[in-house]
Every structure is written in C-alpha cells, then in structure tokens.
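Input: a single structure, listed below in structure tokens.
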Protein chains: 2
Amino acid sequence: MSAKQKILIEAAKLIHTKGFNNTSIQDILDIASVTKSNFYYHFDSKEQLGFEVLTGRMQWFYGRVIEPSLDNPALNPLQRIYAFLDGILALGTSPLGELGCPFGNLAQEMSAIHEPLRQALSAFFRAGADRLEHCFEEGKQAGIFREQLPSSQIAEFVLAQTQGMFLLRKTHKDPQIMERNIDMLHQLIEGWLTHEGKQATNRQEEIRETLPEPKTEGFE
Amino acid sequence: MSAKQKILIEAAKLIHTKGFNNTSIQDILDIASVTKSNFYYHFDSKEQLGFEVLTGRMQWFYGRVIEPSLDNPALNPLQRIYAFLDGILALGTSPLGELGCPFGNLAQEMSAIHEPLRQALSAFFRAGADRLEHCFEEGKQAGIFREQLPSSQIAEFVLAQTQGMFLLRKTHKDPQIMERNIDMLHQLIEGWLTHEGKQATNRQEEIRETLPEPKTEGFE
DNA sequence: TGAGTAGTACTGACTGGTTGGTCCTAATGA
DNA sequence: TCATTAGGACCAACCAGTCAGTACTACTCA
C-alpha cells in the first residue's frame, strides 16, 4: 500500500472520529507512519486532503449502500427503498455508526465555515435525495405509492430522518435507535404512503438473496 | 453587563458558528473585549466554559420553544405538539437556523470525544423526547391519536426528524427545508397518527393567540 | 555503455504562528 | 475592603506548511 493510500485511509478514520479541524496532520501521520514532508509531496494542503477523503467516502458509500439498493435495477422501487433503509440500518448499527454518519458529521462541522466543502456535501445529499425521489416517483407510476405528497418532499424527509437517527444514535450511544427509527420509516411507508395491499411480502428474505457482499475496503 | 455574561453570550454565538474546538478562547475574548486573565478569573477552563454555555443554551431553548409549547398547560396535547413544531420551524427559518441546531452541532462534534458533554446532551435530548412522548400518550388517552405505535418511538422519530432537517437546512442553505419537513410532520400526524375527525381546526390561529412573545436574550 | 537527465517518492530540519493556561502586579468601583 | 478587572509576560505544546536534499528508477544520447 502506497503512502498516499495509507494517509487517505487513516485520515478518513480519524476525521470521522474527531472531526476535520480537530484532526491534525501529525495525528494522521503518526498512525500512517508517514513523514510530513511526504504528506506535502502528495497533497498541497490539509484542505486538499479533506476533499480527497470526502471523495473516497462517497465512493465507499456508493459501493456499500447505494449500488446494491437505489441503483440496483433488479429491484422494484419499493424494494430499492427498503434495501436503502437496510443499508443505512447496517451502517448505523455497526461499530462505525457509533461515530455518526461521516457525511452528516462533516456537513455539520464545515458547512458554516467552508463554502466549497459545503457545496460538495450539499451536492452529495441532493444526489441521494434525487435517487430516493426517483424511486418514489416510479412507485407512484407503478401504483405502489399514494399520490398525495410530492416525491421530492418524501425523499427529503426520509433523508433528514436518516441523518437525525445517526445523530441520536451517536449521542445516546444506542444502536437500537437506528432499528426503531428505520422501523418507523417502514411503518410510515407501509401504513401511510403505500396503497393497501401493495406491500412487498417476505421483504427481508427477498432482499437478502439479491444483495451481494459489498466490496469495501479501508474505510471501516 | 458583566464580563462573565459577555463572555458567555459571545462564546455561545461563536461556538454555534464554528464549533467548540474550532473556537479559541482568544476569539471569544476579542469579541467580548475581556482579557484572558479575567476569563480565568471566572472560568477554570475552556471545558467549564463549554458546560456553562450549554446550560445557558438549554435555558434559552426552554424559554423560547419548550415552555410555550410542550410545557404549556393551556394547550391540549395536539396543540402542544404543533406549537413545538412551530417553535422549531421559527428557529430553523431564522438567521440562526443557518448555523444548524446548537445542540445537534455540539452533540455531533463532541459526543465521540468528550464523554461528560455527550452525557449532558444525551440527557437534554431525552428530556425533549420524554415531553413529546408524554403529549402523544396523553393524546392517545384523549382519543386523539391512534394506539398502534409506541409513543416513545413516535417521539424519538419526531425528534430525530427535527435534527435531520436542521442539518439539511444548514448544508443546503435553504430555510424552506424546515418548512417542507415540518409540513411533512404535520401531514404525518394528521394523516396517519391521528384518528379521523380529531384534527384541531384553525390550528394556526389558535396557537398564535396563546403564545406569548418569548423572553430570550443574548443567544440570538 | 555510461554520463546525464527527469521524474517520483521520501527525509530531517526548520518556520512563524497559535493555543490553553499560569503567574504576578496594579487599578477600579461599590 | 474586597470582588472584579486589566495588563503583561511567559510557558510548553501544538499547528499547517516550507526547504534543501537523498535515493532510486528509467530514459536518452553521444
């Protein structure tokens, strides 16, 4: 593994744990066993490191959660949404979830003080919301979901909820908060947003068969 | 205004903007026009300052949002919940809301790295959730709400949602996110959690008459 | 074939500034 | 008179970043 790789991986972990500004370059280098001058060989600045860590995190999240769920053409819209929620649940109940959501953490820390990073994170969240919206819209056209509420608003609501539950899980140090709130989202989808009789049956088993083991590396 | 008061007020603003660890004591003192030796006359440490700022923030939030809503005996349970949501909406759409929720921000920043502060924030969130739960439970007994879902779970869900929407509002710099997500909560409460025909009518006007102008000072 | 060159990755030492906190003395005002 | 405040100097540790140099590999060209 190259020095640059080691730096990126250790930086992602530390930034997730302590935050960007509270993680010094020397902290990262001590763990990665790389010298500071070598750091500056690969990165112009701490800021550039931050952007590259964020890019890596986005790719990791895509491979771990989005690709097998919202971007999985083998699933119908409802299954895609459920697979997404299950991906969030798996993440949030893992040891990693104790540190909160890496994106929410960064957004909270940096949005008010670093405009370029805020924009990158805003775009990331919007991309996620767009995918969710697309699923809800598709499900409406397939007669799965009710038509009352705009799909974009539902999608945003679901996304906000995932962020909120990560924060509470982190603050209370209680993984069951993820379970309870994902369950609430399921109930909301089945009991309110879905037409009667349009729920997927044996939802858990269906999704388990389709989901491949995600190929992720370094970020956990 | 005493020097200690000035410090606390400026510290609260700066910590809300930049975070605790990214706000130096000198930053605060420059704005408060107080010397460092006087700072250490009043506070043993930066950590003690942090706790006192948090305590002040909790009192402010109580007076601004909780007392006129969840702790307002003149309101029925549904009105109390709606008043709470309106308080959150007013906060979130104010210029202050651009910085996110002060409690959510601190929880995110400090929970993984500072156990005493995490505990204080956890207790704060739990107190809020308990009040919400109490309203839902009271509303169930008054026949307003359906009985299917545990009140504690609904309360937690609503609380998580408020945190999530604050984060998205901050990241997207869009106050309408608060409006859309509070509206979703209203719809969820009226369209799913409430018995048919049990909605409060002229909800907005009713609450407007009962809410006194909150006595808040310094933190905004 | 070997000197010279370029590119890549890496190093130790260093810079100027910042940070939370300490200590002491003196002044002010109720 | 004493609580409060100011001012100043200082400390060790920390911080992001700089600089000149080293080692190695591959390539070029006379």
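By order of appearance in the structure tokens: chains A, B, ..., then residues from 1 within every chain, and ligands from 1 in the order shown.
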At most 9 Å to chain B: residues in chain D, only C-alpha atoms (C1' of nucleotides), as a VMD selection string: chain D and resid 4 to 7
Residue selection dump (N, CA, C and O atoms (P, O5', C5', C4', C3', O3' and C1' of nucleotides)) as a JSON list (two decimals), in the first residue's frame:
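Contents of result_38.json, as written:
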[["chain", "number", "residue", "atom", "x", "y", "z"],
["D", 4, "DT", "P", -17.01, 38.80, 42.25],
["D", 4, "DT", "O5'", -16.33, 39.74, 41.16],
["D", 4, "DT", "C5'", -16.86, 41.05, 40.97],
["D", 4, "DT", "C4'", -15.93, 41.86, 40.11],
["D", 4, "DT", "C3'", -15.52, 41.18, 38.80],
["D", 4, "DT", "O3'", -16.07, 41.93, 37.74],
["D", 4, "DT", "C1'", -13.70, 42.30, 39.84],
["D", 5, "DT", "P", -15.98, 41.42, 36.24],
["D", 5, "DT", "O5'", -14.66, 42.12, 35.73],
["D", 5, "DT", "C5'", -14.56, 43.55, 35.84],
["D", 5, "DT", "C4'", -13.15, 43.99, 35.57],
["D", 5, "DT", "C3'", -12.51, 43.36, 34.34],
["D", 5, "DT", "O3'", -12.52, 44.30, 33.28],
["D", 5, "DT", "C1'", -10.99, 43.61, 36.16],
["D", 6, "DA", "P", -11.81, 43.93, 31.91],
["D", 6, "DA", "O5'", -10.33, 44.48, 32.09],
["D", 6, "DA", "C5'", -10.16, 45.82, 32.57],
["D", 6, "DA", "C4'", -8.68, 46.10, 32.66],
["D", 6, "DA", "C3'", -7.91, 45.61, 31.44],
["D", 6, "DA", "O3'", -7.21, 46.72, 30.91],
["D", 6, "DA", "C1'", -6.89, 44.82, 33.45],
["D", 7, "DG", "P", -6.55, 46.64, 29.44],
["D", 7, "DG", "O5'", -5.04, 46.26, 29.79],
["D", 7, "DG", "C5'", -4.36, 47.00, 30.78],
["D", 7, "DG", "C4'", -3.03, 46.36, 31.04],
["D", 7, "DG", "C3'", -2.42, 45.72, 29.79],
["D", 7, "DG", "O3'", -1.18, 46.32, 29.54],
["D", 7, "DG", "C1'", -2.33, 44.23, 31.64]]
Counting only C-alpha atoms (C1' of nucleotides), chain C residues within 10 Å of chain B, as a list in words: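 Result: DT18, DT19, DG20, DG21, DT22 and DC23 of chain C.
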What would the file look like if the residues just selected were written as a CSV table (one decimal), in the first residue's frame with N, CA, C and O atoms (P, O5', C5', C4', C3', O3' and C1' of nucleotides)?
chain,number,residue,atom,x,y,z
C,18,DT,P,-1.2,34.0,14.8
C,18,DT,O5',-1.6,32.7,15.5
C,18,DT,C5',-2.0,31.6,14.7
C,18,DT,C4',-2.4,30.5,15.7
C,18,DT,C3',-3.3,30.9,16.8
C,18,DT,O3',-4.4,30.0,16.9
C,18,DT,C1',-1.5,29.7,17.7
C,19,DT,P,-5.7,30.4,17.8
C,19,DT,O5',-5.4,29.4,19.0
C,19,DT,C5',-5.3,28.0,18.9
C,19,DT,C4',-5.0,27.4,20.2
C,19,DT,C3',-5.6,28.0,21.4
C,19,DT,O3',-6.8,27.2,21.8
C,19,DT,C1',-3.3,27.5,21.8
C,20,DG,P,-7.7,27.8,22.9
C,20,DG,O5',-7.2,27.1,24.2
C,20,DG,C5',-7.1,25.7,24.3
C,20,DG,C4',-6.4,25.4,25.6
C,20,DG,C3',-7.1,25.9,26.9
C,20,DG,O3',-7.0,24.9,27.9
C,20,DG,C1',-4.9,26.8,26.7
C,21,DG,P,-7.7,25.2,29.3
C,21,DG,O5',-6.5,25.8,30.1
C,21,DG,C5',-5.3,25.1,30.3
C,21,DG,C4',-4.2,26.0,30.8
C,21,DG,C3',-4.6,26.7,32.1
C,21,DG,O3',-3.8,26.2,33.2
C,21,DG,C1',-3.2,28.0,30.6
C,22,DT,P,-3.9,26.8,34.7
C,22,DT,O5',-2.6,27.6,34.8
C,22,DT,C5',-1.3,27.0,34.5
C,22,DT,C4',-0.2,27.9,34.9
C,22,DT,C3',-0.4,28.6,36.3
C,22,DT,O3',0.8,28.5,37.0
C,22,DT,C1',0.0,30.2,34.6
C,23,DC,P,0.8,28.7,38.6
C,23,DC,O5',1.4,30.2,38.7
C,23,DC,C5',2.5,30.5,37.9
C,23,DC,C4',2.8,32.0,38.0
C,23,DC,C3',2.4,32.7,39.3
C,23,DC,O3',3.5,33.3,39.8
C,23,DC,C1',1.6,33.9,37.4
Rows by chain and residue number, chain A within 9 Å of chain B, shortest pair, only C-alpha atoms, as a tab-separated table:
residue	atom	partner	partner_atom	distance
A:Thr17	CA	B:Ala112	CA	6.5
A:Lys18	CA	B:Ile113	CA	6.6
A:Gly19	CA	B:Glu109	CA	6.9
A:Asn21	CA	B:Asn22	CA	6.8
A:Asn22	CA	B:Asn21	CA	6.7
A:Glu98	CA	B:Ala112	CA	7.8
A:Leu99	CA	B:Ala112	CA	6.1
A:Gly100	CA	B:Gln108	CA	7.4
A:Gly104	CA	B:Leu167	CA	7.4
A:Asn105	CA	B:Gln108	CA	6.2
A:Ala107	CA	B:Thr171	CA	6.0
A:Gln108	CA	B:Asn105	CA	6.2
A:Glu109	CA	B:Gly19	CA	6.9
A:Met110	CA	B:Lys18	CA	8.1
A:Ser111	CA	B:Thr171	CA	5.6
A:Ala112	CA	B:Leu99	CA	6.1
A:Ile113	CA	B:Lys18	CA	6.6
A:Arg118	CA	B:Thr171	CA	6.0
A:Gln119	CA	B:Thr171	CA	7.7
A:Leu121	CA	B:Thr171	CA	7.0
A:Ser122	CA	B:His172	CA	5.4
A:Ala123	CA	B:His172	CA	8.5
A:Phe125	CA	B:Leu168	CA	8.2
A:Arg126	CA	B:His172	CA	8.7
A:Leu149	CA	B:Met184	CA	8.7
A:Gln153	CA	B:Arg180	CA	6.8
A:Ile154	CA	B:Met184	CA	7.8
A:Glu156	CA	B:Asn181	CA	7.7
A:Phe157	CA	B:Asn181	CA	6.0
A:Val158	CA	B:Gln161	CA	8.7
A:Leu159	CA	B:Gly164	CA	7.7
A:Ala160	CA	B:Gly164	CA	4.1
A:Gln161	CA	B:Gln161	CA	4.8
A:Thr162	CA	B:Gly164	CA	7.1
A:Gln163	CA	B:Gly164	CA	4.9
A:Gly164	CA	B:Gly164	CA	4.1
A:Met165	CA	B:Ala160	CA	5.3
A:Phe166	CA	B:Ala160	CA	8.4
A:Leu167	CA	B:Gln108	CA	6.5
A:Leu168	CA	B:Ala160	CA	6.7
A:Lys170	CA	B:Ser111	CA	6.7
A:Thr171	CA	B:Ser122	CA	5.6
A:His172	CA	B:Ser122	CA	5.4
A:Lys173	CA	B:Ser111	CA	8.8
A:Ile177	CA	B:Glu156	CA	8.3
A:Arg180	CA	B:Gln153	CA	6.8
A:Asn181	CA	B:Phe157	CA	6.0
A:Met184	CA	B:Phe157	CA	7.3
A:Leu185	CA	B:Phe157	CA	8.9
A:Leu188	CA	B:Trp192	CA	8.2
A:Gly191	CA	B:Trp192	CA	7.7
A:Trp192	CA	B:Trp192	CA	6.2
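The two atoms in question, atom CA of A:Glu138 and atom CA of A:Leu75, are spaced 11.8 Å apart.
By chain and then residue number, the residues within 8 Å of stretch 81-86 of chain A are A:Val65, A:Ile66, A:Pro68, A:Ser69, A:Leu70, A:Pro77, A:Ala90, A:Leu132, A:Cys135, A:Ile182, A:His186, A:Ile207, counting only C-alpha atoms (C1' of nucleotides) and disregarding those fewer than 4 positions away in sequence.
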Long-range neighbours of D:DC2 as a PyMOL selection string, 12 Å cut-off, only C-alpha atoms (C1' of nucleotides), 5 positions minimum in chain: chain C and resi 28-30
For the residues in the current selection, export all heavy atoms as a tab-separated table (two decimals), in the first residue's frame.
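Result written to selection_31.tsv:
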chain	number	residue	atom	x	y	z
C	28	DT	P	-7.42	53.47	38.26
C	28	DT	OP1	-7.47	54.32	37.07
C	28	DT	OP2	-7.03	53.97	39.58
C	28	DT	O5'	-8.85	52.77	38.42
C	28	DT	C5'	-9.29	51.84	37.43
C	28	DT	C4'	-10.58	51.20	37.89
C	28	DT	O4'	-10.30	50.14	38.82
C	28	DT	C3'	-11.52	52.18	38.60
C	28	DT	O3'	-12.82	51.98	38.06
C	28	DT	C2'	-11.45	51.75	40.06
C	28	DT	C1'	-11.19	50.26	39.91
C	28	DT	N1	-10.53	49.58	41.07
C	28	DT	C2	-11.05	48.38	41.51
C	28	DT	O2	-12.03	47.86	41.01
C	28	DT	N3	-10.37	47.79	42.54
C	28	DT	C4	-9.25	48.28	43.18
C	28	DT	O4	-8.74	47.65	44.10
C	28	DT	C5	-8.75	49.55	42.67
C	28	DT	C7	-7.54	50.15	43.28
C	28	DT	C6	-9.40	50.12	41.65
C	29	DG	P	-13.82	53.19	38.06
C	29	DG	OP1	-14.14	53.46	36.64
C	29	DG	OP2	-13.32	54.25	38.95
C	29	DG	O5'	-15.12	52.55	38.74
C	29	DG	C5'	-15.40	51.16	38.53
C	29	DG	C4'	-16.18	50.63	39.72
C	29	DG	O4'	-15.27	50.11	40.72
C	29	DG	C3'	-17.02	51.69	40.43
C	29	DG	O3'	-18.19	51.04	40.90
C	29	DG	C2'	-16.14	52.09	41.61
C	29	DG	C1'	-15.56	50.74	41.97
C	29	DG	N9	-14.34	50.76	42.76
C	29	DG	C8	-13.37	51.72	42.79
C	29	DG	N7	-12.38	51.44	43.58
C	29	DG	C5	-12.71	50.21	44.12
C	29	DG	C6	-12.03	49.38	45.04
C	29	DG	O6	-10.95	49.58	45.60
C	29	DG	N1	-12.73	48.20	45.30
C	29	DG	C2	-13.93	47.85	44.73
C	29	DG	N2	-14.46	46.68	45.11
C	29	DG	N3	-14.58	48.62	43.87
C	29	DG	C4	-13.91	49.77	43.61
C	30	DA	P	-19.59	51.76	40.77
C	30	DA	OP1	-20.05	51.55	39.39
C	30	DA	OP2	-19.51	53.13	41.34
C	30	DA	O5'	-20.48	50.86	41.73
C	30	DA	C5'	-20.29	49.43	41.70
C	30	DA	C4'	-20.40	48.86	43.10
C	30	DA	O4'	-19.11	48.97	43.78
C	30	DA	C3'	-21.42	49.59	44.00
C	30	DA	O3'	-22.13	48.62	44.75
C	30	DA	C2'	-20.54	50.46	44.91
C	30	DA	C1'	-19.29	49.60	45.03
C	30	DA	N9	-18.06	50.35	45.33
C	30	DA	C8	-17.71	51.56	44.86
C	30	DA	N7	-16.53	51.97	45.29
C	30	DA	C5	-16.09	50.94	46.09
C	30	DA	C6	-14.92	50.74	46.83
C	30	DA	N6	-13.92	51.63	46.89
C	30	DA	N1	-14.80	49.59	47.53
C	30	DA	C2	-15.78	48.69	47.46
C	30	DA	N3	-16.94	48.75	46.79
C	30	DA	C4	-17.02	49.92	46.12
A:Thr194, A:Ser152, A:Gln79, A:Ser94 ranked by distance to A:Glu137, top pick (using only C-alpha atoms):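 Ranked by minimum distance to A:Glu137, first place goes to A:Ser152.
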Test item, helix (DSSP H, G or I) assignment across stretch 69-218 of chain B, answer as a VMD selection string: chain B and resid 77 to 93 95 to 99 102 to 110 115 to 141 151 to 172 176 to 193 203 to 210
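Taking only C-alpha atoms (C1' of nucleotides), the non-local environment of C:DT15 within 12 Å (same-chain residues fewer than 4 positions away omitted) comprises DC15, DA16, DG17, DT18 and DC19 of chain D.
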Residue neighbourhood D:DT28, 12 Å, only C-alpha atoms (C1' of nucleotides), exclusion window fewer than 2 positions, as a PyMOL selection string: (chain C and resi 2-6) or (chain D and resi 26+30)
Gap from atom CA of A:Gln59 to atom CA of A:Glu10 - Å, one decimal: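 According to the coordinates, atom CA of A:Gln59 and atom CA of A:Glu10 are separated by 16.1 Å.
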Surrounding residues of C:DG7 excluding itself and chain neighbours under 3 positions, 12 Å, only C-alpha atoms (C1' of nucleotides), as number ranges by chain: D: 24-27
Atom-to-atom span, atom CA of A:Leu78 and atom CA of A:His134, Å: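 Taking atom CA of A:Leu78 and atom CA of A:His134, their separation equals 11.1 Å.
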